[in-house]
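Coordinates as given in model_10.cif (mmCIF, C-alpha atoms):
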```cif
data_upload
#
loop_
_atom_site.label_atom_id
_atom_site.label_comp_id
_atom_site.auth_asym_id
_atom_site.auth_seq_id
_atom_site.Cartn_x
_atom_site.Cartn_y
_atom_site.Cartn_z
CA MET K 104 0.00 0.00 0.00
CA SER K 105 1.43 3.39 -0.98
CA ASN K 106 1.86 6.18 1.56
CA LYS K 107 -0.66 8.24 -0.39
CA THR K 108 -3.31 5.51 -0.16
CA LYS K 109 -2.59 4.91 3.53
CA MET K 110 -2.89 8.63 4.23
CA GLN K 111 -6.26 8.84 2.44
CA ILE K 112 -7.55 5.89 4.48
CA GLN K 113 -6.48 7.66 7.68
CA VAL K 114 -8.29 10.85 6.65
CA ASN K 115 -11.45 8.86 5.85
CA GLU K 116 -11.19 7.19 9.28
CA ILE K 117 -11.25 10.63 10.92
CA LYS K 118 -14.41 11.56 8.98
CA LEU K 119 -16.08 8.26 9.92
CA ARG K 120 -15.14 8.81 13.58
CA ILE K 121 -16.86 12.20 13.54
CA GLN K 122 -19.97 10.88 11.79
CA ALA K 123 -20.22 7.87 14.14
CA ASP K 124 -20.43 10.29 17.08
CA GLY K 125 -23.15 12.32 15.36
CA GLY K 126 -20.79 15.23 14.72
CA SER K 127 -20.13 17.26 11.61
CA PHE K 128 -17.04 18.65 9.91
CA PHE K 129 -18.42 21.79 8.31
CA ALA K 130 -15.91 24.50 7.45
CA ASN K 131 -16.49 26.46 10.66
CA ASP K 132 -16.77 23.45 13.00
CA ASN K 133 -14.16 22.69 15.62
CA ILE K 134 -13.24 18.99 15.33
CA SER K 135 -10.49 18.85 17.95
CA LYS K 136 -12.33 16.43 20.25
CA TYR K 137 -12.35 13.80 17.50
CA LEU K 138 -8.64 13.99 16.74
CA LYS K 139 -6.12 11.49 18.05
CA GLU K 140 -2.36 11.83 18.36
CA LYS K 141 -0.72 12.57 15.00
CA ASP K 142 -4.08 13.11 13.23
CA ILE K 143 -3.19 16.76 12.59
CA GLU K 144 0.08 15.62 11.00
CA VAL K 145 -1.89 13.27 8.74
CA ILE K 146 -4.36 16.03 7.79
CA GLN K 147 -1.52 18.41 6.98
CA LYS K 148 0.33 15.88 4.82
CA ASN K 149 -2.88 15.04 2.96
CA ALA K 150 -3.59 18.76 2.44
CA GLU K 151 -0.07 19.20 1.08
CA GLU K 152 -0.64 16.46 -1.49
CA CYS K 153 -3.99 17.93 -2.53
CA ILE K 154 -2.55 21.45 -2.85
CA LYS K 155 0.25 20.07 -5.01
CA ASN K 156 -2.40 18.45 -7.22
CA LEU K 157 -4.19 21.82 -7.47
CA LEU K 158 -0.99 23.55 -8.56
CA ASN K 159 -0.41 20.86 -11.15
CA ALA K 160 -4.01 21.31 -12.35
CA LEU K 161 -3.24 25.00 -12.83
CA ILE K 162 -0.34 23.96 -15.09
CA ILE K 163 2.35 25.12 -12.66
CA ASP K 164 5.62 23.18 -12.90
CA VAL K 165 6.08 22.53 -9.19
CA ASP K 166 8.93 20.11 -9.82
CA ASN K 167 11.17 22.61 -11.62
CA ASP K 168 9.85 26.09 -10.79
CA HIS K 169 12.08 27.41 -7.99
CA ASN K 170 9.31 29.73 -6.79
CA THR K 171 6.72 26.99 -6.16
CA LYS K 172 8.77 23.91 -5.26
CA GLU K 173 7.81 24.05 -1.57
CA THR K 174 4.59 26.02 -1.98
CA ALA K 175 2.24 23.08 -1.30
CA LYS K 176 4.03 22.27 1.94
CA ARG K 177 4.02 25.90 3.08
CA VAL K 178 0.35 26.43 2.24
CA ALA K 179 -0.72 23.22 4.01
CA LYS K 180 1.21 24.20 7.13
CA MET K 181 -0.27 27.72 7.01
CA TYR K 182 -3.85 26.43 6.76
CA ILE K 183 -3.60 23.75 9.45
CA GLN K 184 -1.36 25.48 12.00
CA GLU K 185 -2.31 29.13 11.52
CA VAL K 186 -5.19 30.29 9.34
CA PHE K 187 -7.60 27.44 10.19
CA LYS K 188 -6.16 26.37 13.56
CA GLY K 189 -9.53 27.09 15.19
CA ARG K 190 -10.86 23.93 13.52
CA TYR K 191 -8.17 21.59 14.86
CA LEU K 192 -7.11 22.94 18.25
CA PRO K 193 -9.28 22.83 21.39
CA GLN K 194 -10.62 26.02 22.90
CA PRO K 195 -7.85 27.96 24.67
CA LYS K 196 -7.90 27.57 28.43
CA ILE K 197 -10.24 30.20 29.85
CA THR K 198 -10.24 30.65 33.63
CA ASP K 199 -13.28 32.42 35.01
CA PHE K 200 -13.51 34.19 38.36
CA PRO K 201 -16.27 35.23 40.75
CA ASN K 202 -17.65 38.72 40.19
CA ALA K 203 -16.49 39.60 43.70
CA LYS K 204 -17.38 43.30 43.52
CA ASP K 205 -20.77 42.67 41.91
CA LEU K 206 -19.81 44.74 38.88
CA ASP K 207 -23.01 45.56 37.00
CA GLN K 208 -21.77 48.21 34.57
CA ILE K 209 -20.83 47.85 30.92
CA TYR K 210 -17.26 47.03 30.05
CA THR K 211 -16.01 46.70 26.50
CA ILE K 212 -13.05 45.14 24.76
CA GLY K 213 -11.91 46.26 21.34
CA PRO K 214 -10.95 46.72 18.70
CA ILE K 215 -9.83 43.08 18.62
CA SER K 216 -8.10 42.06 15.39
CA VAL K 217 -10.13 39.71 13.22
CA ARG K 218 -8.32 37.49 10.73
CA SER K 219 -10.55 34.92 9.11
CA ALA K 220 -11.28 33.50 5.66
CA CYS K 221 -14.35 33.40 3.48
CA SER K 222 -15.58 29.83 3.18
CA HIS K 223 -16.93 30.59 -0.31
CA HIS K 224 -13.61 31.57 -1.91
CA MET K 225 -11.01 30.85 0.81
CA VAL K 226 -9.64 34.40 0.76
CA PRO K 227 -9.04 36.64 3.80
CA ILE K 228 -11.56 38.48 5.93
CA VAL K 229 -9.76 41.16 7.93
CA GLY K 230 -11.17 43.61 10.42
CA ASN K 231 -12.01 44.20 14.06
CA ALA K 232 -14.39 42.97 16.74
CA TRP K 233 -15.83 44.72 19.78
CA ILE K 234 -17.30 42.89 22.74
CA GLY K 235 -19.47 44.41 25.44
CA VAL K 236 -20.52 42.74 28.68
CA ILE K 237 -22.61 43.45 31.74
CA PRO K 238 -21.43 40.57 33.94
CA SER K 239 -23.46 38.28 36.12
CA ASP K 240 -21.77 36.01 38.68
CA ARG K 241 -18.59 35.24 36.71
CA VAL K 242 -15.95 37.23 34.80
CA ILE K 243 -12.88 36.40 32.72
CA GLY K 244 -9.65 38.30 32.07
CA ILE K 245 -9.89 40.74 29.17
CA SER K 246 -7.14 38.99 27.16
CA LYS K 247 -9.32 35.88 27.08
CA PHE K 248 -11.79 37.68 24.84
CA ASN K 249 -8.95 38.17 22.34
CA ARG K 250 -7.99 34.48 22.56
CA LEU K 251 -11.58 33.35 22.05
CA THR K 252 -11.99 35.70 19.10
CA ASP K 253 -8.85 34.37 17.44
CA TRP K 254 -9.91 30.75 18.05
CA VAL K 255 -13.40 31.23 16.57
CA MET K 256 -12.27 33.36 13.64
CA SER K 257 -9.39 31.06 12.63
CA ARG K 258 -11.67 28.94 10.46
CA PRO K 259 -13.28 29.22 7.02
CA GLN K 260 -16.32 31.33 7.83
CA ILE K 261 -19.10 33.56 6.76
CA GLN K 262 -19.02 36.61 9.00
CA GLU K 263 -22.65 36.36 10.07
CA GLU K 264 -22.14 32.89 11.56
CA SER K 265 -18.77 33.67 13.13
CA THR K 266 -20.29 36.57 15.08
CA ILE K 267 -22.95 34.25 16.49
CA GLN K 268 -20.37 31.55 17.28
CA LEU K 269 -18.21 34.01 19.21
CA ALA K 270 -21.21 35.22 21.21
CA ASP K 271 -22.20 31.61 21.96
CA GLU K 272 -18.74 30.76 23.31
CA ILE K 273 -18.63 33.82 25.60
CA GLU K 274 -22.16 33.18 26.82
CA LYS K 275 -21.38 29.55 27.69
CA ILE K 276 -18.44 30.59 29.87
CA ILE K 277 -19.73 33.59 31.86
CA LYS K 278 -23.50 33.76 31.23
CA PRO K 279 -23.54 37.59 31.40
CA LYS K 280 -26.57 39.77 32.02
CA ALA K 281 -25.85 41.49 28.71
CA LEU K 282 -23.60 40.55 25.80
CA ALA K 283 -22.83 42.39 22.58
CA VAL K 284 -20.51 41.29 19.78
CA VAL K 285 -19.88 43.56 16.80
CA VAL K 286 -17.61 42.61 13.90
CA LYS K 287 -16.60 45.00 11.11
CA SER K 288 -14.46 43.53 8.34
CA SER K 289 -13.24 43.85 4.79
CA HIS K 290 -13.70 40.84 2.53
CA MET K 291 -11.16 40.03 -0.15
CA CYS K 292 -13.83 38.07 -2.01
CA MET K 293 -15.14 41.57 -2.81
CA SER K 294 -11.89 43.53 -3.11
CA TRP K 295 -9.56 41.01 -4.78
CA ARG K 296 -12.11 39.50 -7.15
CA GLY K 297 -15.73 40.00 -8.17
CA VAL K 298 -16.75 43.64 -7.89
CA LYS K 299 -13.19 44.61 -6.80
CA ASP K 300 -14.45 47.19 -4.32
CA ASN K 301 -11.76 48.14 -1.79
CA ASP K 302 -13.93 50.51 0.25
CA SER K 303 -16.89 48.37 1.32
CA THR K 304 -16.98 46.76 4.74
CA MET K 305 -19.46 44.43 6.40
CA THR K 306 -20.72 44.93 9.95
CA THR K 307 -22.52 42.21 11.91
CA SER K 308 -23.78 42.34 15.47
CA VAL K 309 -25.28 40.08 18.10
CA MET K 310 -27.12 41.58 21.08
CA ARG K 311 -28.27 39.41 23.97
CA GLY K 312 -29.79 39.91 27.38
CA LEU K 313 -30.10 43.54 28.46
CA PHE K 314 -28.42 44.81 25.29
CA LYS K 315 -31.27 43.27 23.29
CA GLU K 316 -34.05 44.21 25.69
CA ASP K 317 -32.93 47.67 26.87
CA GLU K 318 -32.44 50.32 24.21
CA GLY K 319 -30.60 52.60 26.63
CA ALA K 320 -28.01 49.93 27.51
CA ARG K 321 -27.59 49.03 23.84
CA ASN K 322 -27.04 52.66 22.82
CA GLU K 323 -24.55 53.16 25.65
CA PHE K 324 -22.48 50.23 24.36
CA LEU K 325 -22.65 51.46 20.76
CA ASN K 326 -21.62 54.98 21.81
CA ILE K 327 -18.61 53.57 23.66
CA ILE K 328 -17.30 51.61 20.70
CA ARG K 329 -17.83 54.53 18.32
CA GLY K 330 -15.00 56.17 20.21
CA GLN K 331 -12.73 53.13 19.60
CA LYS K 332 -12.06 53.55 15.88
CA TYR K 333 -15.38 51.88 15.01
#
```

Please rewrite the model in this file as structure tokens.
Amino acid sequence: MSNKTKMQIQVNEIKLRIQADGGSFFANDNISKYLKEKDIEVIQKNAEECIKNLLNALIIDVDNDHNTKETAKRVAKMYIQEVFKGRYLPQPKITDFPNAKDLDQIYTIGPISVRSACSHHMVPIVGNAWIGVIPSDRVIGISKFNRLTDWVMSRPQIQEESTIQLADEIEKIIKPKALAVVVKSSHMCMSWRGVKDNDSTMTTSVMRGLFKEDEGARNEFLNIIRGQKY
């Protein structure tokens, strides 16, 4: 059995493992709980082979062109270990603490850098996120919002769903009285191709709890982030 065939069997075994547990492996899913030791290595090697096939399909001489000889390997490593790491790595460790002082005012974090990729064309989505919270019984350190954002956004996405996913993850951890997530990004599927518009941005928002129910609280949050390069 060739290494290529063995590798494909291993990748299919991962898919079957996910399906047997009732899971899915959509582009913006996190599949880390299904992965065993060395599975990521297998996925990366298989991706490298597939990317090499794509380059060959584009009539690029990857065997002799000095500019693309290692391109497949570099791209596979970039996708698995960096750009799409939010699919393969577990959620970063998030320690929560009691809200000892009974803080019940709005605090915001942002702008948080957003680096994602459009799942339709696999090109970058780049922008910023703002998060607003009125805490309940638990709080987390402010840097953890950045880590969660990076983890959720490091997947092939559509921005609308990623904003909801980020809100879901925060809500699961601290169950705040109010939660707001706003994402404003530029999409290279619009600027690099298609209409080739470099000026348009997309803004998505999720409002929960008091931010959804109380117009005054919602406007206070929005006024705060307007002063943060929104």

Residue by residue, what does the PyMOL selection byres ((chain K and resi 302) around 10) grab here? Present the result as a PyMOL selection string.
chain K and resi 289-290+293-294+299-301+303-304

Residues as selected, C-alpha atoms, written as a CSV table (one decimal), in the frame of the given file, can you do that?
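Listing of out.csv after writing:
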```csv
chain,number,residue,atom,x,y,z
K,289,SER,CA,-13.2,43.8,4.8
K,290,HIS,CA,-13.7,40.8,2.5
K,293,MET,CA,-15.1,41.6,-2.8
K,294,SER,CA,-11.9,43.5,-3.1
K,299,LYS,CA,-13.2,44.6,-6.8
K,300,ASP,CA,-14.4,47.2,-4.3
K,301,ASN,CA,-11.8,48.1,-1.8
K,303,SER,CA,-16.9,48.4,1.3
K,304,THR,CA,-17.0,46.8,4.7
```

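In terms of minimum interatomic distance to Asn249 in chain K, K:Val217 ranks closest within K:Ile117, K:Val226, K:Val217, K:Met181, counting only C-alpha atoms.
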
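Considering the residues K:Trp233, K:Ala175, K:Thr306, K:Ile276 and counting only C-alpha atoms, Glu263 in chain K has its shortest atom-to-atom contact with K:Thr306.
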
Range 108-110 of chain K environment, 12 Å, only C-alpha atoms, sequence neighbours closer than 2 positions dropped, as a tab-separated table (two decimals) with C-alpha atoms, in the frame of the given file:
```tsv
chain	number	residue	atom	x	y	z
K	104	MET	CA	0.00	0.00	0.00
K	105	SER	CA	1.43	3.39	-0.98
K	106	ASN	CA	1.86	6.18	1.56
K	112	ILE	CA	-7.55	5.89	4.48
K	113	GLN	CA	-6.48	7.66	7.68
K	114	VAL	CA	-8.29	10.85	6.65
K	115	ASN	CA	-11.45	8.86	5.85
K	116	GLU	CA	-11.19	7.19	9.28
K	117	ILE	CA	-11.25	10.63	10.92
K	141	LYS	CA	-0.72	12.57	15.00
K	142	ASP	CA	-4.08	13.11	13.23
K	143	ILE	CA	-3.19	16.76	12.59
K	144	GLU	CA	0.08	15.62	11.00
K	145	VAL	CA	-1.89	13.27	8.74
K	146	ILE	CA	-4.36	16.03	7.79
K	147	GLN	CA	-1.52	18.41	6.98
K	148	LYS	CA	0.33	15.88	4.82
K	149	ASN	CA	-2.88	15.04	2.96
K	150	ALA	CA	-3.59	18.76	2.44
K	151	GLU	CA	-0.07	19.20	1.08
K	152	GLU	CA	-0.64	16.46	-1.49
K	153	CYS	CA	-3.99	17.93	-2.53
```

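Using only C-alpha atoms, the protein and nucleic acid residues lying no more than 12 Å from range 156-160 of chain K, apart from those fewer than 5 places from it along its own chain, are Asn149, Ala150, Glu151, Val165, Asp166, Asn167, Asp168, Thr171, Lys172, Glu173, Thr174, Ala175, Lys176 and Val178 of chain K.
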
I'd like the neighbourhood of Gln208 in chain K as JSON, numbers by chain, where a residue qualifies if any of its atoms comes within 12 Å (using all atoms listed in the file), though same-chain residues fewer than 4 positions away should be ignored.
{"K": [202, 204, 235, 236, 237, 238, 239, 279, 280, 281, 282, 313, 314, 320, 323, 324]}

Pull C-alpha atoms from the residues just selected and write them as an mmCIF file, in the frame of the given file.
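Ended up saving to result-v2.cif:
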```cif
data_model
loop_
_atom_site.group_PDB
_atom_site.id
_atom_site.type_symbol
_atom_site.label_atom_id
_atom_site.label_comp_id
_atom_site.auth_asym_id
_atom_site.auth_seq_id
_atom_site.Cartn_x
_atom_site.Cartn_y
_atom_site.Cartn_z
ATOM 1 C CA ASN K 202 -17.650 38.720 40.190
ATOM 2 C CA LYS K 204 -17.380 43.300 43.520
ATOM 3 C CA GLY K 235 -19.470 44.410 25.440
ATOM 4 C CA VAL K 236 -20.520 42.740 28.680
ATOM 5 C CA ILE K 237 -22.610 43.450 31.740
ATOM 6 C CA PRO K 238 -21.430 40.570 33.940
ATOM 7 C CA SER K 239 -23.460 38.280 36.120
ATOM 8 C CA PRO K 279 -23.540 37.590 31.400
ATOM 9 C CA LYS K 280 -26.570 39.770 32.020
ATOM 10 C CA ALA K 281 -25.850 41.490 28.710
ATOM 11 C CA LEU K 282 -23.600 40.550 25.800
ATOM 12 C CA LEU K 313 -30.100 43.540 28.460
ATOM 13 C CA PHE K 314 -28.420 44.810 25.290
ATOM 14 C CA ALA K 320 -28.010 49.930 27.510
ATOM 15 C CA GLU K 323 -24.550 53.160 25.650
ATOM 16 C CA PHE K 324 -22.480 50.230 24.360
#
```

Hey, what comes out of the PyMOL selection byres ((chain K and resi 287) around 10) on this file? Could you write it as an MDAnalysis selection string?
chainID K and resid 214 216:217 228:233 262 285:286 288:290 304:308 333
